[in-house]
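Encoded as structure tokens, the structure appears first; notes follow it.
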Amino acid sequence: MKRLREKNREHDIAFLEGATGKKYGYLDFLIFGSFMLIMNTACDFFEKNKIPFAGYKTFRKISKIITFVEE
């Protein structure tokens, strides 16, 4: 969010809900603005925090996961 605030784009994303388990977690969110800025910001966050696996999935009928990080 810091990068989005710096670019005055914090209103480009809305977090709806999420959950964490013993091994994995998820966030539901909607993107209203710069898709690539938000995806790049997320990818940088995961790499910086040494997250071993992170991906993105749409709710479209036919879609595959877009992997940010995978060790």
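By convention in this document, the chains of the structure tokens carry letters A, B, ... by their order, each chain's residues are numbered from 1, and ligands are numbered from 1 in the order they are shown.
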
List the neighbours of Lys23 (chain A) out to 12 Å using only C-alpha atoms; skip same-chain residues closer than 6 positions along the sequence, and give me the result as a PDB file with N, CA and C atoms, in the first residue's frame.
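Final output, around-v5.pdb:
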ATOM      1  N   ILE A  51       8.238 -14.615   0.657  1.00  0.00           N
ATOM      2  CA  ILE A  51       7.066 -15.482   0.606  1.00  0.00           C
ATOM      3  C   ILE A  51       7.370 -16.586  -0.410  1.00  0.00           C
ATOM      4  N   PRO A  52       7.291 -17.869  -0.024  1.00  0.00           N
ATOM      5  CA  PRO A  52       7.706 -18.948  -0.924  1.00  0.00           C
ATOM      6  C   PRO A  52       6.758 -19.196  -2.094  1.00  0.00           C
ATOM      7  N   PHE A  53       5.475 -18.842  -1.979  1.00  0.00           N
ATOM      8  CA  PHE A  53       4.542 -19.025  -3.091  1.00  0.00           C
ATOM      9  C   PHE A  53       3.454 -17.967  -3.001  1.00  0.00           C
TER      10      PHE A  53
END

| message | Taking 4 positions as the minimum chain separation for residues in the same chain, which residues sit within 10 Å of region 9-19 of chain A when counting only C-alpha atoms? Answer as a VMD selection string. | response | chain A and resid 1 to 5 24 to 35 37 to 38

| DSSP-assigned strand (DSSP E) members of chain A, reported as a list in words | Ile13, Ala14, Phe15, Leu16, Glu17, Gly18, Ala19, Thr20, Gly25, Tyr26, Leu27, Asp28, Phe29, Leu30, Ile31, Phe53, Ala54, Gly55, Tyr56, Ile66, Thr67, Phe68, Val69 and Glu70 of chain A

Using only N, CA and C atoms, please write the residues we just selected to a file, as an mmCIF file, in the first residue's frame.
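Output saved as selection_2.cif:
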data_model
loop_
_atom_site.group_PDB
_atom_site.id
_atom_site.type_symbol
_atom_site.label_atom_id
_atom_site.label_comp_id
_atom_site.auth_asym_id
_atom_site.auth_seq_id
_atom_site.Cartn_x
_atom_site.Cartn_y
_atom_site.Cartn_z
ATOM 1 N N ILE A 13 -7.622 -0.048 -5.470
ATOM 2 C CA ILE A 13 -7.841 -1.416 -5.001
ATOM 3 C C ILE A 13 -8.742 -1.390 -3.767
ATOM 4 N N ALA A 14 -9.608 -2.389 -3.690
ATOM 5 C CA ALA A 14 -10.477 -2.532 -2.511
ATOM 6 C C ALA A 14 -10.332 -3.963 -2.005
ATOM 7 N N PHE A 15 -9.946 -4.100 -0.739
ATOM 8 C CA PHE A 15 -9.832 -5.416 -0.130
ATOM 9 C C PHE A 15 -11.189 -5.798 0.453
ATOM 10 N N LEU A 16 -11.679 -6.980 0.089
ATOM 11 C CA LEU A 16 -13.006 -7.417 0.519
ATOM 12 C C LEU A 16 -12.951 -8.289 1.758
ATOM 13 N N GLU A 17 -12.123 -9.321 1.710
ATOM 14 C CA GLU A 17 -11.987 -10.228 2.847
ATOM 15 C C GLU A 17 -10.772 -11.111 2.635
ATOM 16 N N GLY A 18 -10.501 -11.973 3.563
ATOM 17 C CA GLY A 18 -9.380 -12.893 3.457
ATOM 18 C C GLY A 18 -9.419 -13.891 4.593
ATOM 19 N N ALA A 19 -8.501 -14.810 4.552
ATOM 20 C CA ALA A 19 -8.405 -15.822 5.603
ATOM 21 C C ALA A 19 -6.991 -16.364 5.621
ATOM 22 N N THR A 20 -6.568 -16.847 6.763
ATOM 23 C CA THR A 20 -5.277 -17.513 6.876
ATOM 24 C C THR A 20 -5.481 -18.867 7.522
ATOM 25 N N GLY A 25 -2.939 -18.653 2.940
ATOM 26 C CA GLY A 25 -3.953 -17.637 3.195
ATOM 27 C C GLY A 25 -4.400 -17.058 1.865
ATOM 28 N N TYR A 26 -5.426 -16.221 1.916
ATOM 29 C CA TYR A 26 -5.872 -15.574 0.694
ATOM 30 C C TYR A 26 -6.468 -14.208 1.010
ATOM 31 N N LEU A 27 -6.518 -13.361 -0.009
ATOM 32 C CA LEU A 27 -7.180 -12.066 0.054
ATOM 33 C C LEU A 27 -8.108 -11.954 -1.145
ATOM 34 N N ASP A 28 -9.310 -11.485 -0.920
ATOM 35 C CA ASP A 28 -10.218 -11.138 -2.017
ATOM 36 C C ASP A 28 -10.132 -9.636 -2.206
ATOM 37 N N PHE A 29 -9.946 -9.218 -3.459
ATOM 38 C CA PHE A 29 -9.859 -7.785 -3.716
ATOM 39 C C PHE A 29 -10.359 -7.472 -5.116
ATOM 40 N N LEU A 30 -10.721 -6.231 -5.318
ATOM 41 C CA LEU A 30 -11.125 -5.705 -6.618
ATOM 42 C C LEU A 30 -10.137 -4.630 -7.031
ATOM 43 N N ILE A 31 -9.770 -4.633 -8.311
ATOM 44 C CA ILE A 31 -8.868 -3.615 -8.841
ATOM 45 C C ILE A 31 -9.682 -2.691 -9.740
ATOM 46 N N PHE A 53 5.475 -18.842 -1.979
ATOM 47 C CA PHE A 53 4.542 -19.025 -3.091
ATOM 48 C C PHE A 53 3.454 -17.967 -3.001
ATOM 49 N N ALA A 54 3.173 -17.323 -4.113
ATOM 50 C CA ALA A 54 2.082 -16.348 -4.184
ATOM 51 C C ALA A 54 1.558 -16.324 -5.608
ATOM 52 N N GLY A 55 0.264 -16.219 -5.761
ATOM 53 C CA GLY A 55 -0.339 -16.191 -7.086
ATOM 54 C C GLY A 55 -1.584 -15.339 -7.109
ATOM 55 N N TYR A 56 -2.153 -15.219 -8.289
ATOM 56 C CA TYR A 56 -3.349 -14.410 -8.508
ATOM 57 C C TYR A 56 -4.294 -15.215 -9.383
ATOM 58 N N ILE A 66 -2.012 -17.051 -12.069
ATOM 59 C CA ILE A 66 -0.825 -16.307 -12.476
ATOM 60 C C ILE A 66 0.112 -16.329 -11.278
ATOM 61 N N THR A 67 1.244 -16.971 -11.416
ATOM 62 C CA THR A 67 2.166 -17.146 -10.296
ATOM 63 C C THR A 67 3.087 -15.943 -10.170
ATOM 64 N N PHE A 68 3.132 -15.373 -8.961
ATOM 65 C CA PHE A 68 4.068 -14.293 -8.660
ATOM 66 C C PHE A 68 5.407 -14.879 -8.253
ATOM 67 N N VAL A 69 5.371 -15.833 -7.331
ATOM 68 C CA VAL A 69 6.574 -16.414 -6.748
ATOM 69 C C VAL A 69 6.326 -17.897 -6.553
ATOM 70 N N GLU A 70 7.319 -18.705 -6.850
ATOM 71 C CA GLU A 70 7.229 -20.137 -6.575
ATOM 72 C C GLU A 70 8.632 -20.683 -6.411
#

| remark: Restricting to only C-alpha atoms, whichever of A:Glu71, A:Lys22, A:Met36, A:Thr41 is closest to Glu6 (chain A) is A:Thr41
